[in-house]
file run00.txt (compact mmCIF, C-alpha atoms)
# COMPACT_ATOMS: atom_id res chain seq x y z
CA MET L 1 109.86 54.74 130.02
CA LYS L 2 106.40 54.34 131.51
CA LEU L 3 105.66 51.76 134.18
CA ARG L 4 103.33 50.17 131.62
CA GLU L 5 106.31 49.38 129.41
CA VAL L 6 108.18 47.89 132.36
CA LYS L 7 105.18 45.63 132.90
CA GLU L 8 105.31 44.50 129.29
CA ILE L 9 109.07 43.95 129.16
CA LEU L 10 108.90 41.79 132.26
CA ASN L 11 105.58 40.06 131.45
CA ALA L 12 104.64 41.24 134.90
CA ASP L 13 101.39 41.22 136.84
CA VAL L 14 100.31 44.40 138.59
CA ILE L 15 99.45 43.62 142.21
CA VAL L 16 99.09 47.23 143.40
CA GLY L 17 98.92 50.42 141.36
CA GLU L 18 96.98 49.66 138.18
CA GLU L 19 96.21 53.38 138.09
CA LYS L 20 99.89 54.36 138.12
CA LEU L 21 101.06 52.69 134.93
CA GLU L 22 101.60 56.03 133.17
CA MET L 23 104.32 56.94 135.69
CA GLU L 24 107.76 57.65 134.14
CA VAL L 25 110.77 55.72 135.40
CA LYS L 26 114.42 55.99 134.37
CA THR L 27 116.49 54.22 137.02
CA ALA L 28 116.46 50.95 138.91
CA PHE L 29 118.13 49.41 141.90
CA GLY L 30 118.33 45.67 142.53
CA ALA L 31 119.03 44.33 145.98
CA ASP L 32 118.07 41.95 148.72
CA LEU L 33 119.99 43.91 151.33
CA MET L 34 118.03 46.88 152.49
CA SER L 35 120.91 49.01 153.73
CA ASP L 36 122.31 49.21 150.23
CA VAL L 37 118.98 50.40 148.97
CA LEU L 38 119.03 53.14 151.59
CA ALA L 39 122.54 54.17 150.61
CA PHE L 40 122.14 54.23 146.86
CA ALA L 41 118.62 54.14 145.52
CA LYS L 42 117.43 57.41 144.03
CA ALA L 43 113.97 58.87 144.52
CA GLY L 44 111.73 57.86 141.64
CA SER L 45 113.66 54.65 141.00
CA LEU L 46 112.35 51.13 140.50
CA LEU L 47 113.29 48.69 143.26
CA LEU L 48 113.92 45.14 142.09
CA THR L 49 113.95 42.60 144.89
CA GLY L 50 112.95 39.12 146.02
CA LEU L 51 112.09 40.28 149.52
CA THR L 52 108.39 40.42 150.29
CA ASN L 53 108.26 41.60 153.89
CA THR L 54 106.77 44.88 155.11
CA GLN L 55 110.22 46.41 155.43
CA VAL L 56 110.54 46.61 151.67
CA ILE L 57 107.37 48.69 151.55
CA ARG L 58 108.53 50.93 154.41
CA ILE L 59 111.86 51.51 152.68
CA ALA L 60 110.14 52.23 149.39
CA ASN L 61 108.10 54.85 151.20
CA VAL L 62 111.10 56.36 152.99
CA LEU L 63 113.00 56.64 149.71
CA ASP L 64 110.16 57.72 147.41
CA ILE L 65 110.68 54.62 145.25
CA ALA L 66 108.47 54.72 142.14
CA ALA L 67 107.51 51.04 142.17
CA ILE L 68 108.60 47.70 143.59
CA ILE L 69 109.26 44.85 141.16
CA LEU L 70 109.17 41.50 142.91
CA VAL L 71 111.24 38.93 141.07
CA ARG L 72 111.24 35.13 140.94
CA GLY L 73 107.44 35.09 140.92
CA LYS L 74 107.30 36.33 144.49
CA LYS L 75 104.07 37.76 145.83
CA PRO L 76 103.89 40.29 148.65
CA GLN L 77 102.97 39.03 152.11
CA THR L 78 99.46 39.96 153.28
CA GLU L 79 100.66 42.77 155.54
CA SER L 80 102.96 44.07 152.81
CA LEU L 81 100.09 44.18 150.36
CA ALA L 82 97.91 46.15 152.76
CA LEU L 83 100.72 48.56 153.55
CA ALA L 84 101.55 49.13 149.87
CA LYS L 85 97.92 49.99 149.17
CA GLU L 86 97.83 52.35 152.13
CA LEU L 87 101.08 54.08 151.18
CA GLN L 88 100.16 53.94 147.46
CA ILE L 89 103.30 52.18 146.29
CA PRO L 90 102.87 50.14 143.10
CA ILE L 91 103.98 46.50 143.20
CA LEU L 92 104.53 44.41 140.08
CA THR L 93 105.60 40.81 140.06
CA THR L 94 107.60 38.99 137.39
CA LYS L 95 108.55 35.35 137.07
CA TYR L 96 112.05 36.26 135.89
CA ILE L 97 114.98 36.08 138.27
CA LEU L 98 116.73 39.30 139.27
CA PHE L 99 119.53 38.62 136.80
CA GLU L 100 117.11 38.39 133.90
CA THR L 101 114.86 41.21 135.14
CA ALA L 102 117.77 43.63 135.39
CA GLY L 103 119.14 42.41 132.08
CA ARG L 104 115.90 43.01 130.21
CA LEU L 105 115.33 46.47 131.67
CA TYR L 106 118.94 47.48 131.08
CA ALA L 107 118.68 46.44 127.45
CA LYS L 108 115.71 48.77 127.06
CA GLY L 109 117.44 51.78 128.52
CA ILE L 110 116.81 51.75 132.27
CA VAL L 111 120.00 52.74 134.09
CA GLY L 112 121.35 52.00 137.56
CA CYS L 113 121.71 54.39 140.49
CA LEU L 114 125.39 55.03 140.20
CA GLU L 115 126.15 57.48 142.94
CA GLN L 116 126.41 56.63 146.59
CA VAL L 117 125.29 59.30 148.95
CA GLU L 118 128.27 61.51 149.75
CA ASP L 119 130.62 60.00 152.27
CA HIS L 120 131.47 62.59 154.89
CA SER L 121 131.98 60.20 157.76
CA ALA L 122 135.05 62.18 158.81
CA HIS L 123 132.82 64.89 160.23
CA SER L 124 131.34 64.72 163.68
CA MET I 1 97.17 65.90 160.60
CA VAL I 2 98.73 62.47 160.99
CA ALA I 3 96.32 59.77 162.14
CA TRP I 4 98.12 58.55 165.26
CA ASN I 5 95.74 55.71 165.96
CA LYS I 6 96.34 54.38 162.48
CA LEU I 7 100.09 54.39 163.03
CA LYS I 8 99.64 52.57 166.34
CA ILE I 9 102.45 54.33 168.18
CA THR I 10 102.61 55.79 171.64
CA VAL I 11 103.00 59.55 171.56
CA HIS I 12 104.45 61.58 174.38
CA THR I 13 103.54 65.15 173.60
CA ALA I 14 106.14 67.62 174.81
CA GLU I 15 106.17 71.39 175.14
CA THR I 16 106.17 73.07 171.79
CA GLU I 17 107.16 76.58 172.89
CA ASN I 18 110.58 76.88 171.31
CA TYR I 19 110.14 74.39 168.54
CA LEU I 20 108.10 74.16 165.39
CA TYR I 21 107.43 70.59 166.38
CA THR I 22 108.57 68.03 168.93
CA ASN I 23 107.38 64.54 169.78
CA SER I 24 108.64 61.19 171.05
CA PHE I 25 107.87 57.70 169.80
CA ASP I 26 108.36 54.33 171.48
CA ILE I 27 109.96 51.41 169.70
CA GLU I 28 109.66 47.80 170.78
CA GLY I 29 112.77 45.68 170.38
CA GLY I 30 112.32 42.55 168.30
CA ASN I 31 109.08 43.69 166.69
CA PHE I 32 109.93 43.49 163.00
CA ASN I 33 106.28 43.76 162.03
CA LYS I 34 106.11 47.30 163.34
CA ALA I 35 109.66 48.27 162.37
CA GLY I 36 109.64 51.26 160.07
CA THR I 37 106.36 52.72 161.27
CA ILE I 38 108.16 55.52 163.12
CA ALA I 39 110.25 56.43 160.08
CA THR I 40 107.17 56.50 157.87
CA GLY I 41 105.39 58.61 160.49
CA ILE I 42 108.30 61.05 160.73
CA LYS I 43 108.32 61.40 156.97
CA SER I 44 104.60 62.32 157.00
CA ILE I 45 105.07 64.84 159.79
CA LEU I 46 107.99 66.58 158.10
CA LYS I 47 106.16 66.68 154.78
CA GLU I 48 103.16 68.26 156.45
CA LEU I 49 105.43 70.84 158.06
CA GLY I 50 106.45 71.79 154.53
CA LEU I 51 110.15 71.04 154.89
CA PRO I 52 112.27 70.73 151.72
CA ASN I 53 112.10 67.30 150.02
CA ASP I 54 115.71 66.34 150.60
CA VAL I 55 115.50 67.23 154.31
CA VAL I 56 112.40 65.04 154.58
CA ARG I 57 114.09 62.19 152.73
CA LYS I 58 117.32 62.29 154.77
CA SER I 59 115.37 62.48 158.02
CA ALA I 60 113.24 59.52 157.03
CA ILE I 61 116.28 57.46 156.09
CA VAL I 62 118.22 58.12 159.31
CA SER I 63 115.07 57.49 161.36
CA TYR I 64 114.57 54.22 159.55
CA GLU I 65 118.15 53.03 160.12
CA ALA I 66 118.00 54.01 163.80
CA GLU I 67 114.64 52.30 164.22
CA ILE I 68 115.85 49.08 162.60
CA ASN I 69 118.88 49.05 164.89
CA ILE I 70 116.66 49.25 167.95
CA VAL I 71 114.34 46.54 166.68
CA SER I 72 117.29 44.34 165.72
CA TYR I 73 119.43 44.69 168.81
CA ALA I 74 117.78 46.50 171.73
CA ARG I 75 115.04 45.68 174.21
CA LYS I 76 113.29 48.98 173.55
CA GLY I 77 113.96 52.55 172.53
CA ILE I 78 112.61 56.06 172.11
CA VAL I 79 112.99 58.33 169.11
CA THR I 80 112.50 62.05 169.76
CA LEU I 81 111.92 64.30 166.77
CA THR I 82 112.45 68.05 167.16
CA VAL I 83 112.05 70.55 164.35
CA THR I 84 113.25 74.15 164.58
CA SER I 85 113.58 76.72 161.84
CA LYS I 86 117.24 75.73 161.50
CA ASN I 87 117.30 71.94 161.63
CA VAL I 88 115.70 68.60 162.27
CA GLU I 89 117.07 66.81 165.32
CA ILE I 90 116.47 63.11 165.87
CA ASP I 91 117.55 61.76 169.24
CA VAL I 92 117.50 58.01 169.72
CA THR I 93 117.88 56.31 173.09
CA ASP I 94 117.72 52.58 173.60
CA GLU I 95 118.02 50.02 176.38
CA GLY I 96 120.07 47.17 175.14
CA PRO I 97 123.50 45.56 174.83
CA GLY I 98 125.26 48.80 173.91
CA ILE I 99 128.13 49.07 171.44
CA PRO I 100 131.60 48.08 172.76
CA ASP I 101 133.55 49.82 169.99
CA VAL I 102 131.64 52.74 168.52
CA GLU I 103 134.30 53.68 165.95
CA LEU I 104 134.30 50.15 164.58
CA ALA I 105 130.51 50.04 164.48
CA ARG I 106 130.43 53.23 162.40
CA LYS I 107 132.48 51.61 159.63
CA GLN I 108 130.91 50.20 156.49
CA GLY I 109 130.47 46.47 156.55
CA TYR I 110 130.80 45.95 160.30
CA SER I 111 127.81 44.01 161.58
CA THR I 112 126.83 41.80 164.50
CA ALA I 113 123.62 40.64 162.84
CA ASN I 114 122.51 37.04 163.27
CA GLN I 115 121.26 34.79 160.45
CA GLN I 116 117.61 35.63 161.06
CA ILE I 117 118.31 39.31 160.66
CA ARG I 118 120.34 38.69 157.49
CA GLU I 119 117.56 36.64 155.93
CA MET I 120 115.24 39.62 156.31
CA GLY I 121 117.63 41.69 154.25
CA PHE I 122 119.43 43.52 157.03
CA GLY I 123 122.78 43.23 158.69
CA ALA I 124 124.96 44.45 155.86
CA GLY I 125 126.69 46.71 158.38
CA MET I 126 125.68 49.92 156.69
CA GLY I 127 123.24 51.31 159.28
CA LEU I 128 125.39 53.71 161.29
CA TYR I 129 127.46 54.52 158.23
CA ASN I 130 124.31 55.47 156.32
CA ILE I 131 123.17 57.69 159.19
CA ASP I 132 126.58 59.39 159.01
CA CYS I 133 126.28 59.95 155.28
CA TYR I 134 122.79 61.40 155.42
CA SER I 135 123.20 63.71 158.41
CA ASP I 136 125.09 66.92 159.06
CA LYS I 137 126.05 66.00 162.61
CA PHE I 138 126.01 62.55 164.17
CA ASP I 139 127.12 61.72 167.70
CA ILE I 140 126.98 58.31 169.36
CA SER I 141 127.53 57.41 172.98
CA SER I 142 127.07 53.94 174.34
CA GLU I 143 127.53 51.86 177.45
CA VAL I 144 127.84 48.09 177.27
CA ASN I 145 124.91 46.29 178.91
CA LYS I 146 123.02 49.56 179.28
CA GLY I 147 122.24 51.09 175.90
CA THR I 148 123.04 53.57 173.21
CA PHE I 149 122.26 57.21 172.49
CA LEU I 150 122.32 58.76 169.04
CA LYS I 151 122.04 62.46 168.29
CA ILE I 152 121.39 63.15 164.62
CA ILE I 153 121.06 66.59 163.09
CA ILE I 154 119.98 67.48 159.58
CA ASN I 155 120.23 71.13 158.64
CA ILE I 156 117.43 72.99 156.92
CA PRO I 157 118.98 75.15 154.19
CA MET A 1 132.23 33.17 127.34
CA ASP A 2 134.92 32.95 130.01
CA ILE A 3 135.40 35.14 133.07
CA GLU A 4 138.53 36.72 131.64
CA THR A 5 136.62 38.17 128.70
CA ILE A 6 133.91 39.55 130.94
CA ALA A 7 136.47 40.96 133.36
CA LYS A 8 138.28 42.79 130.58
CA LYS A 9 135.13 44.21 129.01
CA LEU A 10 133.72 45.44 132.28
CA ASN A 11 136.92 46.53 133.97
CA LEU A 12 136.62 44.13 136.88
CA LYS A 13 139.34 43.84 139.49
CA VAL A 14 140.47 40.27 140.15
CA SER A 15 140.72 39.49 143.83
CA SER A 16 141.37 35.74 143.91
CA ALA A 17 142.02 32.66 141.76
CA SER A 18 143.43 34.53 138.81
CA ASP A 19 144.38 31.14 137.37
CA ARG A 20 140.69 30.24 137.06
CA LEU A 21 139.67 33.08 134.78
CA LYS A 22 139.14 30.66 131.93
CA ASN A 23 136.14 29.23 133.80
CA ASN A 24 133.24 29.16 131.42
CA VAL A 25 130.25 31.32 132.26
CA THR A 26 126.91 29.89 131.17
CA GLY A 27 124.58 32.20 133.03
CA GLY A 28 124.27 34.63 135.88
CA TYR A 29 122.61 34.98 139.23
CA THR A 30 122.15 38.22 141.14
CA GLY A 31 121.18 37.97 144.78
CA ASP A 32 122.25 38.54 148.35
CA LEU A 33 120.18 36.04 150.28
CA LEU A 34 122.20 32.86 150.59
CA SER A 35 119.17 30.58 150.91
CA ASP A 36 117.79 31.97 147.68
CA VAL A 37 121.10 31.62 145.84
CA MET A 38 121.43 28.05 147.09
CA ALA A 39 117.93 27.19 145.90
CA ASN A 40 117.83 28.95 142.55
CA SER A 41 121.25 29.47 141.02
CA HIS A 42 122.95 27.04 138.65
CA GLU A 43 126.30 25.50 137.88
CA GLY A 44 128.32 27.79 135.65
CA ASP A 45 126.56 30.94 136.85
CA LEU A 46 128.49 34.08 137.57
CA TRP A 47 127.14 35.12 140.97
CA ILE A 48 126.67 38.87 141.42
CA THR A 49 126.34 39.98 145.03
CA ARG A 50 127.45 42.46 147.64
CA GLN A 51 127.78 39.88 150.40
CA VAL A 52 131.41 39.75 151.51
CA HIS A 53 131.46 37.24 154.36
CA GLN A 54 133.16 33.87 153.97
CA ASN A 55 129.93 31.89 153.46
CA ILE A 56 129.81 33.13 149.88
CA VAL A 57 132.77 30.89 149.03
CA ALA A 58 130.99 27.84 150.42
CA VAL A 59 127.89 28.64 148.39
CA ALA A 60 129.85 29.25 145.19
CA THR A 61 131.73 25.99 145.67
CA LEU A 62 128.62 23.95 146.42
CA LYS A 63 126.72 25.36 143.47
CA GLU A 64 129.77 25.21 141.21
CA HIS A 65 129.48 28.80 140.12
CA ALA A 66 131.95 30.09 137.55
CA GLY A 67 132.88 32.85 139.96
CA ILE A 68 131.65 35.67 142.19
CA ILE A 69 131.50 39.37 141.36
CA LEU A 70 131.18 41.82 144.25
CA VAL A 71 129.41 45.07 143.38
CA ASN A 72 129.62 48.66 144.62
CA SER A 73 133.38 48.17 145.08
CA CYS A 74 132.79 45.88 148.04
CA GLU A 75 135.95 44.09 149.10
CA PRO A 76 135.81 40.51 150.35
CA ALA A 77 136.47 40.04 154.06
CA LYS A 78 139.93 38.73 154.93
CA ASP A 79 138.78 35.20 155.71
CA THR A 80 136.62 35.20 152.59
CA LEU A 81 139.66 35.93 150.47
CA GLU A 82 141.68 33.21 152.15
CA LYS A 83 138.94 30.68 151.58
CA ALA A 84 138.48 31.75 147.97
CA ILE A 85 142.16 31.28 147.27
CA GLN A 86 142.10 27.90 148.96
CA GLU A 87 138.98 26.72 147.12
CA LYS A 88 140.07 28.33 143.87
CA VAL A 89 136.93 30.44 143.54
CA PRO A 90 137.46 33.55 141.44
CA ILE A 91 136.23 36.68 143.19
CA LEU A 92 136.15 39.85 141.13
CA ILE A 93 135.13 43.37 142.09
CA SER A 94 133.13 45.94 140.16
CA ASP A 95 132.55 49.56 141.03
CA LEU A 96 129.10 49.38 139.45
CA PRO A 97 125.88 48.73 141.35
CA ALA A 98 124.20 45.34 140.86
CA PHE A 99 121.61 46.58 138.39
CA GLU A 100 124.16 48.06 135.98
CA LEU A 101 126.59 45.17 136.25
CA THR A 102 123.85 42.60 135.81
CA GLY A 103 122.48 44.43 132.81
CA ALA A 104 125.91 44.58 131.21
CA ILE A 105 126.68 40.89 131.80
CA TYR A 106 123.23 39.73 130.75
CA ASN A 107 123.65 41.51 127.46
CA LEU A 108 127.26 40.34 127.01
CA LEU A 109 126.11 36.76 127.41
CA GLY A 110 123.64 37.47 124.63
CA LYS A 111 120.54 36.40 126.48
CA LYS A 112 117.45 36.75 124.36
CA ASP A 113 113.71 36.28 124.80

call {"tool": "encode", "arguments": {"input": "run00.txt", "output": "structure tokens"}}
result
Amino acid sequence: MKLREVKEILNADVIVGEEKLEMEVKTAFGADLMSDVLAFAKAGSLLLTGLTNTQVIRIANVLDIAAIILVRGKKPQTESLALAKELQIPILTTKYILFETAGRLYAKGIVGCLEQVEDHSAHS
Amino acid sequence: MVAWNKLKITVHTAETENYLYTNSFDIEGGNFNKAGTIATGIKSILKELGLPNDVVRKSAIVSYEAEINIVSYARKGIVTLTVTSKNVEIDVTDEGPGIPDVELARKQGYSTANQQIREMGFGAGMGLYNIDCYSDKFDISSEVNKGTFLKIIINIP
Amino acid sequence: MDIETIAKKLNLKVSSASDRLKNNVTGGYTGDLLSDVMANSHEGDLWITRQVHQNIVAVATLKEHAGIILVNSCEPAKDTLEKAIQEKVPILISDLPAFELTGAIYNLLGKKD
């Protein structure tokens, strides 16, 4: 679905990226722990989180995340906002909690990132 | 070309004779505001060099995890990026507490993070494990009360 | 809906308090930051998280959650399991990531606009 539809489903406000609402998204990852995001989240995915610090933006950049959805009515911190604009990462904010946000998107066909990056920790 | 002054990092330019690219970046321990700037910078550099997308992504991820570890636990560190036609090598050296049991630290879920670090969303104990998963070769050596050295290699297909 | 029904439908592995699977689930909360879960979750919620340290049992007990589901096949730490058994807090494990599991449970509970 398009990011515009995500905005509607979540009754979200667009904080950054008004011009990117035609972007297609298919998958989502919800987390407050950043290492999990790094292990699982696919490129082009939505990132659902309640964290508003600059690290979320950095990680979104590192992973080629399509857009960040801040839940529980959270707004990005000032530095995070500036960084998101600079790195051109859309941020939407919804009043719904993560449970509800994921639930609503799932019901409309967004799927999770099911595969962990391949574990070959036996190698050296 | 990357705007170094915008990234606000110290660059030590090294000889480029045998490499496509090589550079070192300083990291300040405890500075969570700046944490991630090196990883973002490395991603830009590798993209500009025209490396394949998945090589760029893996390199950015391992750089990020290494950078966060330095910021979380060390006094300071240096990340050296070297690109040849065969691979991307990321060497990470820090001055800090060191890792008493490296094998344990490499396991999923093992973490020594404090509450402050956890509240920022880190400390799930996945850092070194993630580096392992995303790299083709990953060596760690460490000395308690001195520091830690990581050598991470990602092959270019 | 009780935990047992949800566990069966979603193939969850029961780790502790198997005698409490009749606990009634009235809602859900997905989150990994303990301060957030403490502030915003409710009694009767099924708490979906990947945090495995023993503090999760204290939080679930204080907030009177119906139970805890760990995602991405995360196993509770040893002392977490001991505490959960002691406090009779059901901990279940799913191999799904939080987004998928949350979506499935949200829709099972029949949440509507």

call {"tool": "atom_distance", "arguments": {"input": "run00.txt", "atom1": "CA of Met38 (chain A)", "atom2": "CA of Asn55 (chain A)"}}
result
11.3 Å

call {"tool": "closest_atom_pairs", "arguments": {"input": "run00.txt", "of": "chain A", "to": "chain I", "cutoff": "12 Å", "atoms": "all atoms listed in the file", "output": "JSON lines"}}
result
{"residue": "A:Gly31", "atom": "CA", "partner": "I:Gly121", "partner_atom": "CA", "distance": 10.8}
{"residue": "A:Asp32", "atom": "CA", "partner": "I:Gly121", "partner_atom": "CA", "distance": 8.1}
{"residue": "A:Leu33", "atom": "CA", "partner": "I:Glu119", "partner_atom": "CA", "distance": 6.3}
{"residue": "A:Leu34", "atom": "CA", "partner": "I:Glu119", "partner_atom": "CA", "distance": 8.0}
{"residue": "A:Ser35", "atom": "CA", "partner": "I:Glu119", "partner_atom": "CA", "distance": 8.0}
{"residue": "A:Asp36", "atom": "CA", "partner": "I:Glu119", "partner_atom": "CA", "distance": 9.5}
{"residue": "A:Val37", "atom": "CA", "partner": "I:Glu119", "partner_atom": "CA", "distance": 11.8}
{"residue": "A:Thr49", "atom": "CA", "partner": "I:Ala124", "partner_atom": "CA", "distance": 11.8}
{"residue": "A:Arg50", "atom": "CA", "partner": "I:Ala124", "partner_atom": "CA", "distance": 8.8}
{"residue": "A:Gln51", "atom": "CA", "partner": "I:Ala124", "partner_atom": "CA", "distance": 7.7}
{"residue": "A:Val52", "atom": "CA", "partner": "I:Gly109", "partner_atom": "CA", "distance": 8.5}
{"residue": "A:His53", "atom": "CA", "partner": "I:Gly109", "partner_atom": "CA", "distance": 9.5}
{"residue": "A:Asn55", "atom": "CA", "partner": "I:Gln115", "partner_atom": "CA", "distance": 11.5}
{"residue": "A:Ser73", "atom": "CA", "partner": "I:Gln108", "partner_atom": "CA", "distance": 11.8}
{"residue": "A:Cys74", "atom": "CA", "partner": "I:Gly109", "partner_atom": "CA", "distance": 8.8}
{"residue": "A:Glu75", "atom": "CA", "partner": "I:Gly109", "partner_atom": "CA", "distance": 9.5}
{"residue": "A:Pro76", "atom": "CA", "partner": "I:Gly109", "partner_atom": "CA", "distance": 10.1}
{"residue": "A:Ala77", "atom": "CA", "partner": "I:Gly109", "partner_atom": "CA", "distance": 9.1}

call {"tool": "write_last_selection", "arguments": {"input": "run00.txt", "atoms": "C-alpha atoms", "output": "PDB file, in the coordinates of the input"}}
result
ATOM      1  CA  GLY A  31     121.180  37.970 144.780  1.00  0.00           C
ATOM      2  CA  ASP A  32     122.250  38.540 148.350  1.00  0.00           C
ATOM      3  CA  LEU A  33     120.180  36.040 150.280  1.00  0.00           C
ATOM      4  CA  LEU A  34     122.200  32.860 150.590  1.00  0.00           C
ATOM      5  CA  SER A  35     119.170  30.580 150.910  1.00  0.00           C
ATOM      6  CA  ASP A  36     117.790  31.970 147.680  1.00  0.00           C
ATOM      7  CA  VAL A  37     121.100  31.620 145.840  1.00  0.00           C
ATOM      8  CA  THR A  49     126.340  39.980 145.030  1.00  0.00           C
ATOM      9  CA  ARG A  50     127.450  42.460 147.640  1.00  0.00           C
ATOM     10  CA  GLN A  51     127.780  39.880 150.400  1.00  0.00           C
ATOM     11  CA  VAL A  52     131.410  39.750 151.510  1.00  0.00           C
ATOM     12  CA  HIS A  53     131.460  37.240 154.360  1.00  0.00           C
ATOM     13  CA  ASN A  55     129.930  31.890 153.460  1.00  0.00           C
ATOM     14  CA  SER A  73     133.380  48.170 145.080  1.00  0.00           C
ATOM     15  CA  CYS A  74     132.790  45.880 148.040  1.00  0.00           C
ATOM     16  CA  GLU A  75     135.950  44.090 149.100  1.00  0.00           C
ATOM     17  CA  PRO A  76     135.810  40.510 150.350  1.00  0.00           C
ATOM     18  CA  ALA A  77     136.470  40.040 154.060  1.00  0.00           C
TER      19      ALA A  77
END

call {"tool": "atom_distance", "arguments": {"input": "run00.txt", "atom1": "CA of Asp136 (chain I)", "atom2": "CA of Ala105 (chain I)"}}
result
18.5 Å

call {"tool": "residues_near_point", "arguments": {"input": "run00.txt", "point": "(127.8, 45.0, 141.4)", "cutoff": "7 Å", "atoms": "only C-alpha atoms", "output": "ChimeraX atom specification"}}
result
/A:48-50,69-72,94-98,101

call {"tool": "interface_residues", "arguments": {"input": "run00.txt", "of": "chain A", "to": "chain L", "cutoff": "6 Å", "atoms": "only C-alpha atoms", "output": "JSON, numbers by chain"}}
result
{"A": [29, 30, 32, 99, 100, 102, 103, 106]}

call {"tool": "atom_distance", "arguments": {"input": "run00.txt", "atom1": "CA of Val88 (chain I)", "atom2": "CA of Ile153 (chain I)"}}
result
5.8 Å

call {"tool": "interface_residues", "arguments": {"input": "run00.txt", "of": "chain I", "to": "chain L", "cutoff": "10 Å", "atoms": "all atoms listed in the file", "output": "PDB file with C-alpha atoms, in the coordinates of the input"}}
result
ATOM      1  CA  PHE I  32     109.930  43.490 163.000  1.00  0.00           C
ATOM      2  CA  ASN I  33     106.280  43.760 162.030  1.00  0.00           C
ATOM      3  CA  LYS I  34     106.110  47.300 163.340  1.00  0.00           C
ATOM      4  CA  ALA I  35     109.660  48.270 162.370  1.00  0.00           C
ATOM      5  CA  GLY I  36     109.640  51.260 160.070  1.00  0.00           C
ATOM      6  CA  THR I  37     106.360  52.720 161.270  1.00  0.00           C
ATOM      7  CA  ILE I  38     108.160  55.520 163.120  1.00  0.00           C
ATOM      8  CA  ALA I  39     110.250  56.430 160.080  1.00  0.00           C
ATOM      9  CA  THR I  40     107.170  56.500 157.870  1.00  0.00           C
ATOM     10  CA  GLY I  41     105.390  58.610 160.490  1.00  0.00           C
ATOM     11  CA  ILE I  42     108.300  61.050 160.730  1.00  0.00           C
ATOM     12  CA  LYS I  43     108.320  61.400 156.970  1.00  0.00           C
ATOM     13  CA  SER I  44     104.600  62.320 157.000  1.00  0.00           C
ATOM     14  CA  ASP I  54     115.710  66.340 150.600  1.00  0.00           C
ATOM     15  CA  VAL I  56     112.400  65.040 154.580  1.00  0.00           C
ATOM     16  CA  ARG I  57     114.090  62.190 152.730  1.00  0.00           C
ATOM     17  CA  LYS I  58     117.320  62.290 154.770  1.00  0.00           C
ATOM     18  CA  SER I  59     115.370  62.480 158.020  1.00  0.00           C
ATOM     19  CA  ALA I  60     113.240  59.520 157.030  1.00  0.00           C
ATOM     20  CA  ILE I  61     116.280  57.460 156.090  1.00  0.00           C
ATOM     21  CA  VAL I  62     118.220  58.120 159.310  1.00  0.00           C
ATOM     22  CA  SER I  63     115.070  57.490 161.360  1.00  0.00           C
ATOM     23  CA  TYR I  64     114.570  54.220 159.550  1.00  0.00           C
ATOM     24  CA  GLU I  65     118.150  53.030 160.120  1.00  0.00           C
ATOM     25  CA  ILE I  68     115.850  49.080 162.600  1.00  0.00           C
ATOM     26  CA  ARG I 106     130.430  53.230 162.400  1.00  0.00           C
ATOM     27  CA  LYS I 107     132.480  51.610 159.630  1.00  0.00           C
ATOM     28  CA  ARG I 118     120.340  38.690 157.490  1.00  0.00           C
ATOM     29  CA  GLU I 119     117.560  36.640 155.930  1.00  0.00           C
ATOM     30  CA  MET I 120     115.240  39.620 156.310  1.00  0.00           C
ATOM     31  CA  GLY I 121     117.630  41.690 154.250  1.00  0.00           C
ATOM     32  CA  PHE I 122     119.430  43.520 157.030  1.00  0.00           C
ATOM     33  CA  GLY I 123     122.780  43.230 158.690  1.00  0.00           C
ATOM     34  CA  ALA I 124     124.960  44.450 155.860  1.00  0.00           C
ATOM     35  CA  GLY I 125     126.690  46.710 158.380  1.00  0.00           C
ATOM     36  CA  MET I 126     125.680  49.920 156.690  1.00  0.00           C
ATOM     37  CA  GLY I 127     123.240  51.310 159.280  1.00  0.00           C
ATOM     38  CA  LEU I 128     125.390  53.710 161.290  1.00  0.00           C
ATOM     39  CA  TYR I 129     127.460  54.520 158.230  1.00  0.00           C
ATOM     40  CA  ASN I 130     124.310  55.470 156.320  1.00  0.00           C
ATOM     41  CA  ILE I 131     123.170  57.690 159.190  1.00  0.00           C
ATOM     42  CA  ASP I 132     126.580  59.390 159.010  1.00  0.00           C
ATOM     43  CA  CYS I 133     126.280  59.950 155.280  1.00  0.00           C
ATOM     44  CA  TYR I 134     122.790  61.400 155.420  1.00  0.00           C
ATOM     45  CA  SER I 135     123.200  63.710 158.410  1.00  0.00           C
ATOM     46  CA  ASP I 136     125.090  66.920 159.060  1.00  0.00           C
ATOM     47  CA  LYS I 137     126.050  66.000 162.610  1.00  0.00           C
ATOM     48  CA  PHE I 138     126.010  62.550 164.170  1.00  0.00           C
ATOM     49  CA  ASP I 139     127.120  61.720 167.700  1.00  0.00           C
ATOM     50  CA  ILE I 140     126.980  58.310 169.360  1.00  0.00           C
TER      51      ILE I 140
END

call {"tool": "closest_residue", "arguments": {"input": "run00.txt", "among": "A:Glu4, A:Glu64, A:Glu82, A:Gly27", "to": "Asn107 (chain A)", "atoms": "all atoms listed in the file"}}
result
A:Gly27
